[in-house]
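K.L.:
Next up is a structure, given as structure tokens.
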Amino acid sequence: MPIAWLGNFARATTRSRLDIVRGVARRGAQRHWTAYFEIRSALAFELDRIDFLALAREPSEPFPAIELELNSFELARSSERKGTLELRLRAPDRVGFLSALLEHLAGFVLFPEEISVNTFRLEAQDTLLLSSVGGQSPPPEIEGALRASLRGCLRDRNSPTSGT
């Protein structure tokens with residue numbers, strides 16, 4: 001897959017008003033991706049007519065991003081995959097949430113190595129393993145800046161259990 005395929009895919013599904021409700025994507029040792037997504041639509045059309053691979057390969061025009069709003073998050077160095085940051089979050093689910101999240105992370109030059117997307121009772125419960133450019137480990141300064149930025153996205157900024 002090309003660089004930024006996941007962002008392309010998320011933007012294109014948002015533009016088509018498709019909701020990614022569940023999925024997993026992982027970049028392997030040879031930098032090849034495997035991915036599975038469950039998608040739903042409130043609109044009446046046939047999903048089997050959409051070329052989802054083309055959505056991932058072709059950059060799409062910028063789409064007005066929704067405001068990133070989180071219920072809670074945890075950010076730490078991953079013990080599962082060395083050299084990555086592990087971001088676990090809960091947020092109100094809505095079409096465009098994944099796209100907005102990926103855009104936000106790209107602003108810190110952070111890119112997914114692995115994601116797990118799940119929607120439960122209208123809440124996104126997602127986990128992302130993040131690296132910096134070229135798969136490098138993100139420096140502590142980026143980690144701190146991201147943590148501060150995500151705290152600013154919390155619905156309840158005063159919650160003692162949010163934003164660790």
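Ordering of the structure tokens sets the chain letters (A, B, ...), residue numbers begin anew at 1 in every chain, and ligands are numbered from 1 in the order given.
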Name the residues of stretch 31-82 of chain A that come out as strand (DSSP E) in a backbone DSSP run; write them as a list of chain:residue names.
P.N.:
A:Trp33, A:Thr34, A:Ala35, A:Tyr36, A:Phe37, A:Glu38, A:Ile39, A:Arg40, A:Ser41, A:Ser72, A:Phe73, A:Glu74, A:Leu75, A:Ala76, A:Arg77
K.L.:
Mind dumping the selected residues with C-alpha atoms as a compact mmCIF listing (two decimals), in the first residue's frame?
P.N.:
```
# COMPACT_ATOMS: atom_id res chain seq x y z
CA TRP A 33 -0.04 -4.13 5.45
CA THR A 34 -2.86 -6.51 6.22
CA ALA A 35 -6.25 -4.99 6.99
CA TYR A 36 -9.88 -5.84 7.63
CA PHE A 37 -12.67 -3.29 8.05
CA GLU A 38 -16.38 -3.57 8.74
CA ILE A 39 -18.24 -0.66 7.20
CA ARG A 40 -21.85 0.47 7.38
CA SER A 41 -23.87 3.14 5.68
CA SER A 72 -10.73 9.35 27.57
CA PHE A 73 -7.29 8.28 26.39
CA GLU A 74 -4.13 6.53 27.54
CA LEU A 75 -0.77 7.17 25.91
CA ALA A 76 2.34 5.14 26.77
CA ARG A 77 5.35 3.41 25.25
```
K.L.:
Identify, on the basis of only C-alpha atoms, every residue whose closest approach to A:Gly7 does not exceed 8 Å; exclude the query and any residue fewer than 2 positions from it along the same chain; express the result as a PDB file with C-alpha atoms, in the first residue's frame.
P.N.:
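Output (result.pdb):
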```pdb
ATOM      1  CA  ALA A   4      -0.748   7.472   3.731  1.00  0.00           C
ATOM      2  CA  TRP A   5      -3.103   4.764   2.477  1.00  0.00           C
ATOM      3  CA  PHE A   9      -9.088   5.402   2.998  1.00  0.00           C
ATOM      4  CA  ALA A  10     -10.495   7.169   6.065  1.00  0.00           C
ATOM      5  CA  ARG A  11     -11.028  10.448   4.162  1.00  0.00           C
ATOM      6  CA  ALA A  56      -6.892   3.579  -0.166  1.00  0.00           C
ATOM      7  CA  SER A  99     -10.079  10.490   9.556  1.00  0.00           C
ATOM      8  CA  LEU A 102      -5.327  10.373  11.741  1.00  0.00           C
ATOM      9  CA  GLU A 103      -5.088  14.005  10.585  1.00  0.00           C
TER      10      GLU A 103
END
```
K.L.:
Write out as a ChimeraX atom specification the set of residues from chain A that DSSP, computed on the backbone, places in alpha helix (DSSP H).
P.N.:
/A:5-15,52-57,97-106,140-151
K.L.:
With N, CA and C atoms kept, could you save the residues just selected as a CSV table (one decimal), in the first residue's frame?
P.N.:
```
chain,number,residue,atom,x,y,z
A,5,TRP,N,-1.9,5.5,3.0
A,5,TRP,CA,-3.1,4.8,2.5
A,5,TRP,C,-4.2,4.8,3.5
A,6,LEU,N,-3.9,4.7,4.8
A,6,LEU,CA,-5.0,4.6,5.8
A,6,LEU,C,-5.7,6.0,5.9
A,7,GLY,N,-4.9,7.1,5.8
A,7,GLY,CA,-5.6,8.4,5.7
A,7,GLY,C,-6.4,8.6,4.5
A,8,ASN,N,-5.9,8.2,3.4
A,8,ASN,CA,-6.7,8.2,2.1
A,8,ASN,C,-8.0,7.5,2.3
A,9,PHE,N,-7.9,6.3,2.8
A,9,PHE,CA,-9.1,5.4,3.0
A,9,PHE,C,-10.1,6.0,4.0
A,10,ALA,N,-9.6,6.5,5.1
A,10,ALA,CA,-10.5,7.2,6.1
A,10,ALA,C,-11.2,8.4,5.5
A,11,ARG,N,-10.4,9.2,4.8
A,11,ARG,CA,-11.0,10.4,4.2
A,11,ARG,C,-12.1,10.1,3.1
A,12,ALA,N,-11.7,9.1,2.3
A,12,ALA,CA,-12.7,8.7,1.2
A,12,ALA,C,-13.9,8.1,1.8
A,13,THR,N,-13.8,7.3,2.8
A,13,THR,CA,-15.0,6.7,3.4
A,13,THR,C,-15.9,7.8,4.1
A,14,THR,N,-15.2,8.8,4.7
A,14,THR,CA,-15.9,9.9,5.3
A,14,THR,C,-16.7,10.7,4.2
A,15,ARG,N,-16.0,11.0,3.1
A,15,ARG,CA,-16.6,11.7,2.0
A,15,ARG,C,-17.8,10.9,1.4
A,52,PHE,N,-12.9,-0.3,-2.8
A,52,PHE,CA,-12.2,0.1,-1.6
A,52,PHE,C,-10.7,0.2,-1.7
A,53,LEU,N,-10.1,-0.7,-2.5
A,53,LEU,CA,-8.7,-0.6,-2.7
A,53,LEU,C,-8.3,0.7,-3.4
A,54,ALA,N,-9.1,1.2,-4.3
A,54,ALA,CA,-8.9,2.5,-5.0
A,54,ALA,C,-9.0,3.6,-4.0
A,55,LEU,N,-9.9,3.5,-3.1
A,55,LEU,CA,-10.1,4.5,-2.0
A,55,LEU,C,-8.8,4.7,-1.2
A,56,ALA,N,-8.1,3.6,-1.0
A,56,ALA,CA,-6.9,3.6,-0.2
A,56,ALA,C,-5.7,4.1,-1.0
A,57,ARG,N,-5.7,3.8,-2.3
A,57,ARG,CA,-4.5,4.1,-3.1
A,57,ARG,C,-4.5,5.6,-3.6
A,97,PHE,N,-14.6,10.2,12.3
A,97,PHE,CA,-13.8,10.3,13.5
A,97,PHE,C,-12.4,9.7,13.2
A,98,LEU,N,-12.3,8.6,12.6
A,98,LEU,CA,-11.0,8.0,12.3
A,98,LEU,C,-10.1,9.0,11.4
A,99,SER,N,-10.8,9.5,10.4
A,99,SER,CA,-10.1,10.5,9.6
A,99,SER,C,-9.6,11.7,10.4
A,100,ALA,N,-10.4,12.2,11.2
A,100,ALA,CA,-10.0,13.4,12.1
A,100,ALA,C,-8.8,13.0,13.0
A,101,LEU,N,-8.9,11.8,13.6
A,101,LEU,CA,-7.8,11.3,14.4
A,101,LEU,C,-6.5,11.2,13.7
A,102,LEU,N,-6.6,10.6,12.5
A,102,LEU,CA,-5.3,10.4,11.7
A,102,LEU,C,-4.7,11.7,11.3
A,103,GLU,N,-5.6,12.7,10.9
A,103,GLU,CA,-5.1,14.0,10.6
A,103,GLU,C,-4.4,14.7,11.8
A,104,HIS,N,-5.0,14.5,13.0
A,104,HIS,CA,-4.5,15.1,14.2
A,104,HIS,C,-3.1,14.5,14.5
A,105,LEU,N,-3.0,13.2,14.4
A,105,LEU,CA,-1.7,12.5,14.6
A,105,LEU,C,-0.6,12.9,13.6
A,106,ALA,N,-1.0,13.0,12.3
A,106,ALA,CA,-0.1,13.4,11.3
A,106,ALA,C,0.5,14.8,11.6
A,140,PRO,N,10.6,11.7,23.1
A,140,PRO,CA,9.8,12.1,24.2
A,140,PRO,C,9.0,13.5,24.1
A,141,GLU,N,9.7,14.4,23.3
A,141,GLU,CA,9.0,15.7,23.1
A,141,GLU,C,7.8,15.6,22.3
A,142,ILE,N,7.7,14.7,21.3
A,142,ILE,CA,6.5,14.5,20.5
A,142,ILE,C,5.5,13.8,21.4
A,143,GLU,N,5.9,12.9,22.2
A,143,GLU,CA,4.9,12.2,23.1
A,143,GLU,C,4.3,13.2,24.0
A,144,GLY,N,5.1,14.1,24.6
A,144,GLY,CA,4.5,15.1,25.6
A,144,GLY,C,3.6,16.0,24.9
A,145,ALA,N,4.0,16.5,23.7
A,145,ALA,CA,3.1,17.4,22.9
A,145,ALA,C,1.8,16.8,22.5
A,146,LEU,N,1.9,15.5,22.1
A,146,LEU,CA,0.6,14.8,21.8
A,146,LEU,C,-0.3,14.6,23.0
A,147,ARG,N,0.3,14.3,24.1
A,147,ARG,CA,-0.5,14.1,25.3
A,147,ARG,C,-1.2,15.4,25.7
A,148,ALA,N,-0.5,16.5,25.6
A,148,ALA,CA,-1.1,17.8,25.9
A,148,ALA,C,-2.2,18.1,24.9
A,149,SER,N,-2.0,17.8,23.7
A,149,SER,CA,-3.0,18.1,22.7
A,149,SER,C,-4.2,17.3,22.9
A,150,LEU,N,-4.0,16.0,23.2
A,150,LEU,CA,-5.2,15.1,23.4
A,150,LEU,C,-6.0,15.5,24.6
A,151,ARG,N,-5.3,16.0,25.7
A,151,ARG,CA,-6.0,16.5,26.9
A,151,ARG,C,-6.9,17.6,26.5
```
K.L.:
Nearest to A:Leu154 among A:Gly107, A:Gly23, A:Pro92, A:Gly135, with distances taken over only C-alpha atoms: which residue is it?
P.N.:
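Answer, going by the shortest atom-to-atom distance: A:Pro92.
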K.L.:
Name the residues in contact with A:Lys82 at a cut-off of 12 Å, using only C-alpha atoms, excluding same-chain residues fewer than 3 positions from it; report them as a VMD selection string.
P.N.:
chain A and resid 76 to 79 85 to 86 113 129 to 131 135 to 138
K.L.:
Could you write out that same residue set with C-alpha atoms as a PDB file, in the first residue's frame?
P.N.:
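The new file out_16.pdb reads:
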```
ATOM      1  CA  ALA A  76       2.337   5.137  26.767  1.00  0.00           C
ATOM      2  CA  ARG A  77       5.353   3.413  25.247  1.00  0.00           C
ATOM      3  CA  SER A  78       4.184   0.068  23.886  1.00  0.00           C
ATOM      4  CA  SER A  79       5.440  -3.096  25.521  1.00  0.00           C
ATOM      5  CA  LEU A  85       3.612   4.722  21.265  1.00  0.00           C
ATOM      6  CA  GLU A  86       0.385   3.008  22.213  1.00  0.00           C
ATOM      7  CA  GLU A 113       1.988   0.833  12.568  1.00  0.00           C
ATOM      8  CA  LEU A 129       0.475   1.835  17.759  1.00  0.00           C
ATOM      9  CA  LEU A 130       2.309   4.872  16.424  1.00  0.00           C
ATOM     10  CA  SER A 131       5.769   5.511  15.028  1.00  0.00           C
ATOM     11  CA  GLY A 135       9.142   3.714  11.517  1.00  0.00           C
ATOM     12  CA  GLN A 136      11.403   5.486  14.010  1.00  0.00           C
ATOM     13  CA  SER A 137      10.555   5.680  17.697  1.00  0.00           C
ATOM     14  CA  PRO A 138       8.804   8.984  18.506  1.00  0.00           C
TER      15      PRO A 138
END
```
K.L.:
What's the separation between atom CA of A:Gln30 and atom CA of A:Pro112, in Å to one decimal place?
P.N.:
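Separating atom CA of A:Gln30 from atom CA of A:Pro112 is a distance of 15.2 Å.
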K.L.:
Which residues are near A:Arg90? Cut-off 10 Å, only C-alpha atoms, ignore same chain within fewer than 3 positions. Put them as a PDB file with C-alpha atoms, in the first residue's frame.
P.N.:
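Result written to around-v1.pdb:
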```pdb
ATOM      1  CA  GLU A  69     -13.604  14.976  20.822  1.00  0.00           C
ATOM      2  CA  LEU A  70     -12.466  12.266  23.271  1.00  0.00           C
ATOM      3  CA  ASN A  71     -14.077  10.679  26.308  1.00  0.00           C
ATOM      4  CA  SER A  72     -10.727   9.351  27.566  1.00  0.00           C
ATOM      5  CA  PHE A  73      -7.289   8.277  26.391  1.00  0.00           C
ATOM      6  CA  GLU A  74      -4.134   6.529  27.545  1.00  0.00           C
ATOM      7  CA  ASP A  93     -18.377   7.575  17.373  1.00  0.00           C
ATOM      8  CA  ASN A 118     -14.143  -0.936  17.461  1.00  0.00           C
ATOM      9  CA  THR A 119     -17.520   0.720  17.996  1.00  0.00           C
ATOM     10  CA  PHE A 120     -19.597  -0.297  20.980  1.00  0.00           C
ATOM     11  CA  GLU A 123     -18.541   4.839  21.340  1.00  0.00           C
ATOM     12  CA  ALA A 124     -15.305   4.408  19.409  1.00  0.00           C
ATOM     13  CA  GLN A 125     -12.880   2.244  21.371  1.00  0.00           C
ATOM     14  CA  ASP A 126      -9.688   2.381  19.348  1.00  0.00           C
ATOM     15  CA  THR A 127      -6.051   1.419  19.868  1.00  0.00           C
ATOM     16  CA  LEU A 154     -11.248  15.667  26.192  1.00  0.00           C
ATOM     17  CA  SER A 162      -8.732  10.824  31.553  1.00  0.00           C
TER      18      SER A 162
END
```
K.L.:
If you measure from atom CA of A:Val24 to atom CA of A:Leu43, what distance in Å do you get, rounded to one decimal?
P.N.:
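Interatomic distance here is 23.9 Å.
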K.L.:
Could you work out how far atom CA of A:Val21 lies from atom CA of A:Leu110, giving the answer in Å with one decimal?
P.N.:
22.6 Å
K.L.:
With only C-alpha atoms as the basis for distance, which of A:Ala25, A:Met1, A:Val95, A:Leu47 is at the shortest distance from A:Ile66?
P.N.:
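Going through A:Ala25, A:Met1, A:Val95, A:Leu47 one by one, the smallest distance to A:Ile66 is for A:Val95.
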